[in-house]
>>> print(open('data_22.cif').read())   # mmCIF, C-alpha atoms
data_data
#
loop_
_atom_site.group_PDB
_atom_site.id
_atom_site.type_symbol
_atom_site.label_atom_id
_atom_site.label_comp_id
_atom_site.auth_asym_id
_atom_site.auth_seq_id
_atom_site.Cartn_x
_atom_site.Cartn_y
_atom_site.Cartn_z
ATOM 1 C CA LEU A 229 101.573 -125.480 50.461
ATOM 2 C CA LEU A 230 102.198 -126.416 46.818
ATOM 3 C CA LEU A 231 103.733 -129.765 47.769
ATOM 4 C CA GLY A 232 100.862 -130.638 50.091
ATOM 5 C CA ALA A 233 98.291 -129.551 47.507
ATOM 6 C CA THR A 234 100.022 -131.725 44.902
ATOM 7 C CA ILE A 235 99.841 -134.729 47.236
ATOM 8 C CA VAL A 236 96.094 -134.359 47.848
ATOM 9 C CA PHE A 237 95.505 -133.784 44.127
ATOM 10 C CA GLU A 238 97.311 -137.042 43.315
ATOM 11 C CA VAL A 239 95.371 -138.870 46.038
ATOM 12 C CA GLY A 240 92.095 -137.571 44.590
ATOM 13 C CA LEU A 241 93.162 -138.488 41.064
ATOM 14 C CA LEU A 242 93.935 -142.055 42.130
ATOM 15 C CA ASP A 243 90.513 -142.233 43.786
ATOM 16 C CA ASP A 244 88.839 -140.927 40.608
ATOM 17 C CA VAL A 245 90.671 -143.414 38.384
ATOM 18 C CA LEU A 246 90.632 -146.499 40.610
ATOM 19 C CA GLY A 247 87.257 -145.998 42.267
ATOM 20 C CA HIS A 248 86.466 -148.677 44.873
ATOM 21 C CA ARG A 249 89.883 -150.273 44.329
ATOM 22 C CA PHE A 250 91.453 -147.260 46.052
ATOM 23 C CA LYS A 251 90.930 -147.960 49.755
ATOM 24 C CA VAL A 252 89.521 -145.330 52.083
ATOM 25 C CA ALA A 253 92.502 -145.778 54.422
ATOM 26 C CA TRP A 254 94.900 -144.885 51.596
ATOM 27 C CA LYS A 255 92.881 -141.772 50.805
ATOM 28 C CA LEU A 256 92.894 -140.665 54.432
ATOM 29 C CA GLY A 257 96.583 -141.474 54.783
ATOM 30 C CA GLY A 258 97.419 -139.288 51.789
ATOM 31 C CA GLN A 259 95.480 -136.383 53.272
ATOM 32 C CA VAL A 260 97.257 -136.746 56.623
ATOM 33 C CA LEU A 261 100.609 -136.836 54.801
ATOM 34 C CA ALA A 262 99.752 -133.592 52.998
ATOM 35 C CA ALA A 263 98.808 -131.975 56.325
ATOM 36 C CA VAL A 264 102.093 -133.154 57.884
ATOM 37 C CA VAL A 265 103.939 -131.503 54.980
ATOM 38 C CA LEU A 266 102.268 -128.207 55.947
ATOM 39 C CA VAL A 267 103.249 -128.613 59.568
ATOM 40 C CA ALA A 268 106.838 -129.443 58.598
ATOM 41 C CA GLY A 269 106.913 -126.258 56.525
ATOM 42 C CA GLY A 270 105.812 -124.143 59.501
ATOM 43 C CA ILE A 271 102.193 -123.666 58.386
ATOM 44 C CA ARG A 272 100.205 -124.453 61.503
ATOM 45 C CA THR A 273 98.058 -122.887 64.179
ATOM 46 C CA ASP A 274 99.455 -121.558 67.436
ATOM 47 C CA VAL A 275 96.257 -120.959 69.412
ATOM 48 C CA LEU A 276 96.997 -123.648 72.023
ATOM 49 C CA HIS A 277 99.663 -123.630 74.714
ATOM 50 C CA TYR A 278 101.335 -126.936 73.788
ATOM 51 C CA ASP A 279 103.075 -127.484 70.478
ATOM 52 C CA VAL A 280 101.920 -131.087 70.125
ATOM 53 C CA LEU A 281 98.301 -129.946 70.492
ATOM 54 C CA ASN A 282 98.814 -127.272 67.825
ATOM 55 C CA VAL A 283 100.180 -129.914 65.452
ATOM 56 C CA ALA A 284 97.236 -132.231 66.141
ATOM 57 C CA LEU A 285 94.729 -129.404 65.697
ATOM 58 C CA THR A 286 96.361 -128.353 62.416
ATOM 59 C CA VAL A 287 96.215 -131.880 60.987
ATOM 60 C CA LEU A 288 92.597 -132.281 62.126
ATOM 61 C CA TRP A 289 91.618 -128.903 60.641
ATOM 62 C CA VAL A 290 93.296 -129.489 57.280
ATOM 63 C CA VAL A 291 91.991 -133.037 56.858
ATOM 64 C CA GLY A 292 88.527 -131.973 58.002
ATOM 65 C CA ILE A 293 88.213 -129.013 55.604
ATOM 66 C CA THR A 294 89.708 -131.052 52.753
ATOM 67 C CA ASN A 295 87.040 -133.715 53.185
ATOM 68 C CA ALA A 296 84.298 -131.146 53.795
ATOM 69 C CA PHE A 297 84.712 -129.715 50.289
ATOM 70 C CA ASN A 298 84.897 -133.239 48.903
ATOM 71 C CA LEU A 299 81.555 -134.081 50.500
ATOM 72 C CA LEU A 300 80.108 -130.724 49.443
ATOM 73 C CA ASP A 301 80.730 -131.585 45.795
ATOM 74 C CA ASN A 302 77.289 -133.166 45.393
ATOM 75 C CA MET A 303 75.589 -130.757 42.983
ATOM 76 C CA ASP A 304 76.665 -128.719 39.954
ATOM 77 C CA GLY A 305 78.561 -125.581 40.961
ATOM 78 C CA LEU A 306 78.221 -126.137 44.698
ATOM 79 C CA SER A 307 81.690 -126.941 46.040
ATOM 80 C CA ALA A 308 83.572 -124.572 43.724
ATOM 81 C CA GLY A 309 81.040 -121.779 44.305
ATOM 82 C CA VAL A 310 81.185 -122.038 48.103
ATOM 83 C CA ALA A 311 84.983 -122.069 47.826
ATOM 84 C CA PHE A 312 84.781 -118.867 45.754
ATOM 85 C CA VAL A 313 82.569 -117.208 48.387
ATOM 86 C CA ALA A 314 84.908 -118.286 51.200
ATOM 87 C CA SER A 315 87.930 -117.038 49.239
ATOM 88 C CA LEU A 316 86.203 -113.690 48.710
ATOM 89 C CA VAL A 317 85.628 -113.279 52.451
ATOM 90 C CA LEU A 318 89.199 -114.330 53.265
ATOM 91 C CA LEU A 319 90.462 -111.885 50.632
ATOM 92 C CA LEU A 320 88.509 -109.065 52.260
ATOM 93 C CA ASN A 321 90.021 -109.900 55.654
ATOM 94 C CA ALA A 322 93.562 -110.214 54.248
ATOM 95 C CA TRP A 323 93.262 -106.905 52.382
ATOM 96 C CA LEU A 324 91.953 -105.047 55.430
ATOM 97 C CA LEU A 325 94.857 -106.375 57.517
ATOM 98 C CA GLY A 326 97.444 -105.533 54.866
ATOM 99 C CA GLU A 327 98.431 -109.086 53.936
ATOM 100 C CA PHE A 328 99.349 -108.486 50.320
ATOM 101 C CA PHE A 329 100.892 -111.875 49.495
ATOM 102 C CA ILE A 330 97.915 -113.836 50.880
ATOM 103 C CA SER A 331 95.625 -111.514 48.920
ATOM 104 C CA LEU A 332 97.436 -112.351 45.669
ATOM 105 C CA VAL A 333 97.178 -116.102 46.307
ATOM 106 C CA LEU A 334 93.456 -115.764 47.044
ATOM 107 C CA VAL A 335 92.875 -113.715 43.888
ATOM 108 C CA ALA A 336 94.625 -116.421 41.842
ATOM 109 C CA LEU A 337 92.474 -119.117 43.468
ATOM 110 C CA MET A 338 89.286 -117.100 42.900
ATOM 111 C CA GLY A 339 90.155 -116.575 39.241
ATOM 112 C CA SER A 340 90.633 -120.296 38.681
ATOM 113 C CA LEU A 341 87.410 -121.123 40.523
ATOM 114 C CA LEU A 342 85.412 -118.550 38.562
ATOM 115 C CA GLY A 343 86.784 -119.801 35.245
ATOM 116 C CA PHE A 344 85.860 -123.335 36.260
ATOM 117 C CA LEU A 345 82.366 -122.344 37.441
ATOM 118 C CA VAL A 346 81.492 -121.102 33.950
ATOM 119 C CA TYR A 347 81.503 -124.748 32.859
ATOM 120 C CA ASN A 348 80.486 -126.333 36.162
ATOM 121 C CA TRP A 349 77.221 -124.386 36.598
ATOM 122 C CA HIS A 350 74.052 -126.400 35.993
ATOM 123 C CA PRO A 351 73.950 -128.199 33.603
ATOM 124 C CA ALA A 352 77.675 -128.842 34.096
ATOM 125 C CA SER A 353 79.975 -129.968 31.305
ATOM 126 C CA ILE A 354 83.054 -130.475 33.520
ATOM 127 C CA PHE A 355 83.349 -131.615 37.124
ATOM 128 C CA LEU A 356 85.784 -131.286 40.029
ATOM 129 C CA GLY A 357 86.124 -134.958 40.815
ATOM 130 C CA ASP A 358 87.907 -135.945 43.999
ATOM 131 C CA CYS A 359 91.188 -134.506 42.712
ATOM 132 C CA GLY A 360 89.618 -131.051 42.293
ATOM 133 C CA SER A 361 87.514 -130.950 45.455
ATOM 134 C CA LEU A 362 90.344 -132.231 47.671
ATOM 135 C CA PHE A 363 92.727 -129.682 46.159
ATOM 136 C CA VAL A 364 90.297 -126.799 46.743
ATOM 137 C CA GLY A 365 89.565 -127.837 50.327
ATOM 138 C CA PHE A 366 93.238 -128.331 51.177
ATOM 139 C CA THR A 367 94.220 -124.984 49.672
ATOM 140 C CA LEU A 368 91.550 -123.072 51.583
ATOM 141 C CA ALA A 369 92.431 -124.835 54.850
ATOM 142 C CA SER A 370 96.089 -123.937 54.326
ATOM 143 C CA LEU A 371 95.356 -120.293 53.538
ATOM 144 C CA THR A 372 93.292 -119.917 56.711
ATOM 145 C CA LEU A 373 96.369 -121.032 58.672
ATOM 146 C CA LEU A 374 98.560 -118.431 56.954
ATOM 147 C CA GLN A 375 96.268 -115.457 57.630
ATOM 148 C CA ARG A 376 96.125 -113.144 60.631
ATOM 149 C CA TYR A 377 92.752 -112.487 62.258
ATOM 150 C CA VAL A 378 93.637 -109.943 64.946
ATOM 151 C CA SER A 379 93.874 -106.159 64.663
ATOM 152 C CA HIS A 380 94.666 -103.587 67.354
ATOM 153 C CA ALA A 381 90.945 -103.025 67.938
ATOM 154 C CA SER A 382 89.893 -106.672 68.203
ATOM 155 C CA SER A 383 88.917 -108.666 71.237
ATOM 156 C CA THR A 384 91.556 -111.236 72.176
ATOM 157 C CA LEU A 385 88.958 -113.983 72.604
ATOM 158 C CA PHE A 386 87.095 -114.515 69.349
ATOM 159 C CA PRO A 387 89.050 -113.571 66.170
ATOM 160 C CA VAL A 388 90.481 -117.105 66.047
ATOM 161 C CA LEU A 389 86.956 -118.303 65.244
ATOM 162 C CA MET A 390 86.850 -116.373 61.969
ATOM 163 C CA PRO A 391 88.034 -119.252 59.708
ATOM 164 C CA VAL A 392 85.497 -121.536 61.400
ATOM 165 C CA LEU A 393 82.693 -119.106 60.544
ATOM 166 C CA VAL A 394 83.943 -118.500 56.990
ATOM 167 C CA LEU A 395 83.920 -122.243 56.358
ATOM 168 C CA ALA A 396 80.901 -122.927 58.576
ATOM 169 C CA LEU A 397 78.670 -124.061 55.707
ATOM 170 C CA PRO A 398 80.853 -126.964 54.480
ATOM 171 C CA LEU A 399 81.676 -127.881 58.080
ATOM 172 C CA LEU A 400 77.993 -127.923 59.040
ATOM 173 C CA ASP A 401 77.003 -129.922 55.962
ATOM 174 C CA THR A 402 79.733 -132.473 56.693
ATOM 175 C CA ALA A 403 78.833 -132.754 60.379
ATOM 176 C CA THR A 404 75.143 -133.312 59.676
ATOM 177 C CA VAL A 405 75.617 -135.983 56.988
ATOM 178 C CA VAL A 406 78.147 -137.801 59.191
ATOM 179 C CA PHE A 407 75.669 -137.643 62.090
ATOM 180 C CA ILE A 408 72.857 -138.996 59.917
ATOM 181 C CA ARG A 409 75.000 -141.836 58.532
ATOM 182 C CA VAL A 410 76.241 -142.840 61.985
ATOM 183 C CA ARG A 411 72.703 -142.705 63.381
ATOM 184 C CA GLU A 412 71.456 -144.931 60.559
ATOM 185 C CA GLY A 413 74.378 -147.330 60.895
ATOM 186 C CA ARG A 414 75.876 -146.616 57.472
ATOM 187 C CA PRO A 415 79.562 -146.022 56.580
ATOM 188 C CA ILE A 416 80.355 -142.300 56.747
ATOM 189 C CA TYR A 417 82.344 -142.447 53.485
ATOM 190 C CA VAL A 418 79.453 -143.786 51.362
ATOM 191 C CA GLY A 419 77.590 -140.980 49.594
ATOM 192 C CA ASP A 420 73.853 -140.309 49.849
ATOM 193 C CA SER A 421 71.311 -137.566 49.166
ATOM 194 C CA ARG A 422 71.039 -136.169 52.694
ATOM 195 C CA HIS A 423 73.064 -133.004 52.124
ATOM 196 C CA LEU A 424 71.647 -129.487 52.518
ATOM 197 C CA SER A 425 71.526 -129.055 48.736
ATOM 198 C CA HIS A 426 69.390 -132.181 48.335
ATOM 199 C CA ARG A 427 67.154 -131.048 51.184
ATOM 200 C CA LEU A 428 66.486 -127.704 49.509
ATOM 201 C CA VAL A 429 65.621 -129.488 46.270
ATOM 202 C CA SER A 430 63.225 -131.785 48.153
ATOM 203 C CA LEU A 431 61.521 -128.662 49.539
ATOM 204 C CA GLY A 432 60.743 -127.559 45.991
ATOM 205 C CA MET A 433 63.772 -125.596 44.780
ATOM 206 C CA ARG A 434 65.386 -126.240 41.418
ATOM 207 C CA PRO A 435 69.058 -127.290 41.755
ATOM 208 C CA PRO A 436 70.502 -123.928 40.552
ATOM 209 C CA LEU A 437 68.348 -122.023 43.070
ATOM 210 C CA ALA A 438 69.327 -124.434 45.862
ATOM 211 C CA VAL A 439 73.012 -123.901 45.065
ATOM 212 C CA PHE A 440 72.610 -120.114 44.919
ATOM 213 C CA THR A 441 70.767 -120.178 48.262
ATOM 214 C CA ILE A 442 73.724 -121.988 49.822
ATOM 215 C CA TYR A 443 76.047 -119.341 48.345
ATOM 216 C CA LEU A 444 74.009 -116.653 50.128
ATOM 217 C CA ILE A 445 74.080 -118.547 53.438
ATOM 218 C CA ALA A 446 77.857 -118.948 53.224
ATOM 219 C CA LEU A 447 78.278 -115.284 52.319
ATOM 220 C CA GLY A 448 76.008 -114.133 55.143
ATOM 221 C CA ILE A 449 77.950 -116.027 57.801
ATOM 222 C CA GLY A 450 81.331 -115.154 56.287
ATOM 223 C CA LEU A 451 80.828 -111.408 55.939
ATOM 224 C CA GLY A 452 79.789 -111.154 59.563
ATOM 225 C CA ALA A 453 82.954 -113.004 60.560
ATOM 226 C CA VAL A 454 85.158 -110.358 58.903
ATOM 227 C CA GLY A 455 84.139 -107.954 61.647
ATOM 228 C CA LEU A 456 85.682 -110.175 64.350
ATOM 229 C CA ALA A 457 89.152 -108.832 63.575
ATOM 230 C CA HIS A 458 88.024 -105.305 64.421
ATOM 231 C CA ALA A 459 85.354 -105.949 67.061
ATOM 232 C CA ASP A 460 85.459 -105.435 70.795
ATOM 233 C CA LEU A 461 83.984 -108.073 73.100
ATOM 234 C CA VAL A 462 80.352 -106.932 72.814
ATOM 235 C CA HIS A 463 80.385 -106.664 69.029
ATOM 236 C CA ALA A 464 82.175 -110.015 68.745
ATOM 237 C CA LEU A 465 79.425 -111.657 70.790
ATOM 238 C CA LEU A 466 76.771 -110.082 68.535
ATOM 239 C CA ILE A 467 78.541 -111.459 65.453
ATOM 240 C CA LEU A 468 78.640 -114.945 66.978
ATOM 241 C CA VAL A 469 74.945 -114.790 67.910
ATOM 242 C CA GLN A 470 74.114 -113.761 64.339
ATOM 243 C CA ALA A 471 76.145 -116.675 62.958
ATOM 244 C CA LEU A 472 74.467 -119.110 65.357
ATOM 245 C CA ALA A 473 71.051 -117.853 64.254
ATOM 246 C CA VAL A 474 71.898 -118.563 60.600
ATOM 247 C CA VAL A 475 73.228 -122.008 61.553
ATOM 248 C CA ALA A 476 69.968 -122.683 63.417
ATOM 249 C CA VAL A 477 67.988 -121.818 60.269
ATOM 250 C CA VAL A 478 70.134 -124.244 58.262
ATOM 251 C CA LEU A 479 69.538 -127.013 60.810
ATOM 252 C CA ILE A 480 65.787 -126.390 60.689
ATOM 253 C CA LEU A 481 65.881 -126.701 56.892
ATOM 254 C CA LEU A 482 67.861 -129.927 57.193
ATOM 255 C CA PHE A 483 65.764 -131.727 59.769
ATOM 256 C CA TYR A 484 62.261 -130.265 59.552
ATOM 257 C CA GLU A 485 59.868 -132.816 58.110
ATOM 258 C CA ARG A 486 57.078 -131.427 55.966
ATOM 259 C CA ARG A 487 53.678 -132.465 57.330
ATOM 260 C CA THR A 488 51.166 -134.097 55.057
ATOM 261 C CA GLN A 489 48.060 -131.953 54.834
ATOM 262 C CA PRO A 490 44.900 -133.854 55.805
ATOM 263 C CA ARG A 491 42.503 -134.317 52.941
ATOM 264 C CA ARG A 492 39.353 -132.243 53.233
ATOM 265 C CA GLU A 493 36.090 -133.856 52.344
ATOM 266 C CA ASP A 494 33.577 -131.939 50.256
ATOM 267 C CA THR A 495 30.438 -130.918 52.064
#
>>> encode(input="data_22.cif", output="structure tokens")
Amino acid sequence: LLLGATIVFEVGLLDDVLGHRFKVAWKLGGQVLAAVVLVAGGIRTDVLHYDVLNVALTVLWVVGITNAFNLLDNMDGLSAGVAFVASLVLLLNAWLLGEFFISLVLVALMGSLLGFLVYNWHPASIFLGDCGSLFVGFTLASLTLLQRYVSHASSTLFPVLMPVLVLALPLLDTATVVFIRVREGRPIYVGDSRHLSHRLVSLGMRPPLAVFTIYLIALGIGLGAVGLAHADLVHALLILVQALAVVAVVLILLFYERRTQPRREDT
């Protein structure tokens, strides 16, 4: 985990220093290399029947979450704050399942994120950069692979979805901006102002309120997901329906176009 995190940090640092001279393919290649290091160290999923599929899914998951937090870093305090919320939910799950070592790692990560947020909250005086956001995303993706999500009381079908729900907000934000860029014929790696945070600001929120609103959305989905480890089939389905309802609200906020009110004439 430390070796892989160091690789993605160095890749992000090169991107921060070199800018456009650092090719996108090199950045992606470095992230894949870091994910392969995890797999070689035995940190991978085992939810599928074939080992090669588990390896592919692990690499896809790690690279996807790593980039999701990179893309989420578009407003002061946003990426680090969502990472703190996700770490809090993962800590709660690890503690309830008796995973002491994972709990300690999460507490250390949360402490560093909270200390950083003091200076990254709007108006920020320091910033994550690619090296910070890639490191945070990679670390969280790795920790989700190390945790257990099943207890004796849980349904055997749905606990595996817990990390997806805990990290649903960055995943959803990434999926929507990629969809918009592809639909408009623009490169998916070129930034824009079509993220959820920008949308909330365009609806009238100040940036700090928009960021705090996203914290609450992430917390709402994540806390519900904690119950998957202890839920039977019916309760697991209720948790998933609740999460889907929150996701639907987010999509409405992202794509609803405010109508222009017709001008009334004085009589």
>>> atom_distance(input="data_22.cif", atom1="CA of Thr441 in chain A", atom2="CA of Ala396 in chain A")
14.7 Å
>>> residues_around(input="data_22.cif", residues="Lys251 in chain A", least_positions_apart="6", cutoff="12 Å", atoms="all atoms listed in the file", output="JSON, numbers by chain")
{"A": [239, 240, 242, 243, 244, 257, 258, 417]}
>>> atom_distance(input="data_22.cif", atom1="CA of Phe328 in chain A", atom2="CA of Leu368 in chain A")
16.6 Å
>>> resolve_selection(input="data_22.cif", expression="the PyMOL selection byres ((chain A and resi 310) around 9)", output="list of chain:residue names")
A:Phe297, A:Leu300, A:Gly305, A:Leu306, A:Ser307, A:Ala308, A:Gly309, A:Ala311, A:Phe312, A:Val313, A:Ala314, A:Ser315, A:Leu395, A:Leu397, A:Pro398, A:Val439, A:Ile442, A:Tyr443, A:Ala446, A:Leu447
>>> resolve_selection(input="data_22.cif", expression="the PyMOL selection byres ((chain A and resi 359) around 6)", output="number ranges by chain")
A: 237, 240-241, 357-358, 360-362
>>> write_last_selection(input="data_22.cif", atoms="C-alpha atoms", output="short mmCIF file (atom, residue, chain, number, x, y, z; two decimals), in the coordinates of the input")
data_model
loop_
_atom_site.label_atom_id
_atom_site.label_comp_id
_atom_site.auth_asym_id
_atom_site.auth_seq_id
_atom_site.Cartn_x
_atom_site.Cartn_y
_atom_site.Cartn_z
CA PHE A 237 95.50 -133.78 44.13
CA GLY A 240 92.10 -137.57 44.59
CA LEU A 241 93.16 -138.49 41.06
CA GLY A 357 86.12 -134.96 40.82
CA ASP A 358 87.91 -135.94 44.00
CA GLY A 360 89.62 -131.05 42.29
CA SER A 361 87.51 -130.95 45.46
CA LEU A 362 90.34 -132.23 47.67
#
>>> closest_residue(input="data_22.cif", among="A:Val477, A:Val275, A:Phe407, A:Arg434", to="Leu389 in chain A", atoms="only C-alpha atoms")
A:Val275
>>> residues_around(input="data_22.cif", residues="Val291 in chain A", least_positions_apart="4", cutoff="8 Å", atoms="only C-alpha atoms", output="list in words")
Gln259, Val260, Ala263, Val287, Asn295 and Phe366 of chain A
>>> closest_residue(input="data_22.cif", among="A:Gly232, A:Ser340, A:Ile445, A:Gly292", to="Ala403 in chain A", atoms="all atoms listed in the file")
A:Gly292
>>> atom_distance(input="data_22.cif", atom1="CA of Asp301 in chain A", atom2="CA of Val283 in chain A")
27.7 Å
>>> closest_residue(input="data_22.cif", among="A:Pro435, A:Ala453, A:Asp304, A:Asp420", to="Tyr347 in chain A", atoms="only C-alpha atoms")
A:Asp304
>>> closest_residue(input="data_22.cif", among="A:Ile235, A:Leu393, A:Phe355, A:Leu444", to="Gln470 in chain A", atoms="only C-alpha atoms")
A:Leu393
>>> residues_around(input="data_22.cif", residues="range 329-335 of chain A", least_positions_apart="3", cutoff="6 Å", atoms="all atoms listed in the file", output="list of chain:residue names")
A:Leu319, A:Ala322, A:Met338
>>> residues_around(input="data_22.cif", residues="Ile271 in chain A", least_positions_apart="6", cutoff="10 Å", atoms="only C-alpha atoms", output="mmCIF file with C-alpha atoms, keeping the file's coordinate frame")
data_model
loop_
_atom_site.group_PDB
_atom_site.id
_atom_site.type_symbol
_atom_site.label_atom_id
_atom_site.label_comp_id
_atom_site.auth_asym_id
_atom_site.auth_seq_id
_atom_site.Cartn_x
_atom_site.Cartn_y
_atom_site.Cartn_z
ATOM 1 C CA LEU A 229 101.573 -125.480 50.461
ATOM 2 C CA ALA A 263 98.808 -131.975 56.325
ATOM 3 C CA VAL A 264 102.093 -133.154 57.884
ATOM 4 C CA VAL A 265 103.939 -131.503 54.980
ATOM 5 C CA VAL A 283 100.180 -129.914 65.452
ATOM 6 C CA THR A 286 96.361 -128.353 62.416
ATOM 7 C CA SER A 370 96.089 -123.937 54.326
ATOM 8 C CA LEU A 371 95.356 -120.293 53.538
ATOM 9 C CA THR A 372 93.292 -119.917 56.711
ATOM 10 C CA LEU A 373 96.369 -121.032 58.672
ATOM 11 C CA LEU A 374 98.560 -118.431 56.954
#
>>> closest_residue(input="data_22.cif", among="A:Leu231, A:Met303, A:Asp274, A:Leu281", to="Leu261 in chain A", atoms="only C-alpha atoms")
A:Leu231
>>> resolve_selection(input="data_22.cif", expression="the PyMOL selection byres ((chain A and resi 419) around 12)", output="PDB file with C-alpha atoms, keeping the file's coordinate frame")
ATOM      1  CA  ASN A 298      84.897-133.239  48.903  1.00  0.00           C
ATOM      2  CA  LEU A 299      81.555-134.081  50.500  1.00  0.00           C
ATOM      3  CA  LEU A 300      80.108-130.724  49.443  1.00  0.00           C
ATOM      4  CA  ASP A 301      80.730-131.585  45.795  1.00  0.00           C
ATOM      5  CA  ASN A 302      77.289-133.166  45.393  1.00  0.00           C
ATOM      6  CA  THR A 402      79.733-132.473  56.693  1.00  0.00           C
ATOM      7  CA  VAL A 405      75.617-135.983  56.988  1.00  0.00           C
ATOM      8  CA  VAL A 406      78.147-137.801  59.191  1.00  0.00           C
ATOM      9  CA  ILE A 408      72.857-138.996  59.917  1.00  0.00           C
ATOM     10  CA  ARG A 409      75.000-141.836  58.532  1.00  0.00           C
ATOM     11  CA  ARG A 414      75.876-146.616  57.472  1.00  0.00           C
ATOM     12  CA  PRO A 415      79.562-146.022  56.580  1.00  0.00           C
ATOM     13  CA  ILE A 416      80.355-142.300  56.747  1.00  0.00           C
ATOM     14  CA  TYR A 417      82.344-142.447  53.485  1.00  0.00           C
ATOM     15  CA  VAL A 418      79.453-143.786  51.362  1.00  0.00           C
ATOM     16  CA  ASP A 420      73.853-140.309  49.849  1.00  0.00           C
ATOM     17  CA  SER A 421      71.311-137.566  49.166  1.00  0.00           C
ATOM     18  CA  ARG A 422      71.039-136.169  52.694  1.00  0.00           C
ATOM     19  CA  HIS A 423      73.064-133.004  52.124  1.00  0.00           C
TER      20      HIS A 423
END
>>> build_atoms(input="data_22.cif", residues="range 253-258 of chain A", atoms="all heavy atoms", output="compact mmCIF listing (two decimals), in the frame of the given file")
# COMPACT_ATOMS: atom_id res chain seq x y z
N ALA A 253 91.35 -146.01 53.55
CA ALA A 253 92.50 -145.78 54.42
C ALA A 253 93.65 -145.12 53.66
O ALA A 253 94.37 -144.27 54.21
CB ALA A 253 92.96 -147.09 55.04
N TRP A 254 93.85 -145.51 52.40
CA TRP A 254 94.90 -144.88 51.60
C TRP A 254 94.58 -143.41 51.33
O TRP A 254 95.46 -142.56 51.38
CB TRP A 254 95.06 -145.62 50.27
CG TRP A 254 95.51 -147.04 50.41
CD1 TRP A 254 95.96 -147.65 51.54
CD2 TRP A 254 95.51 -148.04 49.39
NE1 TRP A 254 96.26 -148.97 51.29
CE2 TRP A 254 96.01 -149.24 49.97
CE3 TRP A 254 95.17 -148.05 48.04
CZ2 TRP A 254 96.15 -150.42 49.25
CZ3 TRP A 254 95.30 -149.23 47.31
CH2 TRP A 254 95.79 -150.40 47.91
N LYS A 255 93.31 -143.15 51.06
CA LYS A 255 92.88 -141.77 50.80
C LYS A 255 93.10 -140.90 52.04
O LYS A 255 93.63 -139.79 51.94
CB LYS A 255 91.41 -141.77 50.40
CG LYS A 255 90.85 -140.43 49.98
CD LYS A 255 89.41 -140.59 49.52
CE LYS A 255 88.81 -139.25 49.08
NZ LYS A 255 87.40 -139.41 48.61
N LEU A 256 92.71 -141.41 53.19
CA LEU A 256 92.89 -140.66 54.43
C LEU A 256 94.38 -140.50 54.75
O LEU A 256 94.82 -139.43 55.18
CB LEU A 256 92.19 -141.38 55.58
CG LEU A 256 92.29 -140.72 56.96
CD1 LEU A 256 91.70 -139.33 56.96
CD2 LEU A 256 91.61 -141.59 58.02
N GLY A 257 95.15 -141.55 54.52
CA GLY A 257 96.58 -141.47 54.78
C GLY A 257 97.27 -140.42 53.93
O GLY A 257 98.16 -139.70 54.40
N GLY A 258 96.85 -140.31 52.67
CA GLY A 258 97.42 -139.29 51.79
C GLY A 258 97.09 -137.89 52.26
O GLY A 258 97.93 -136.97 52.19
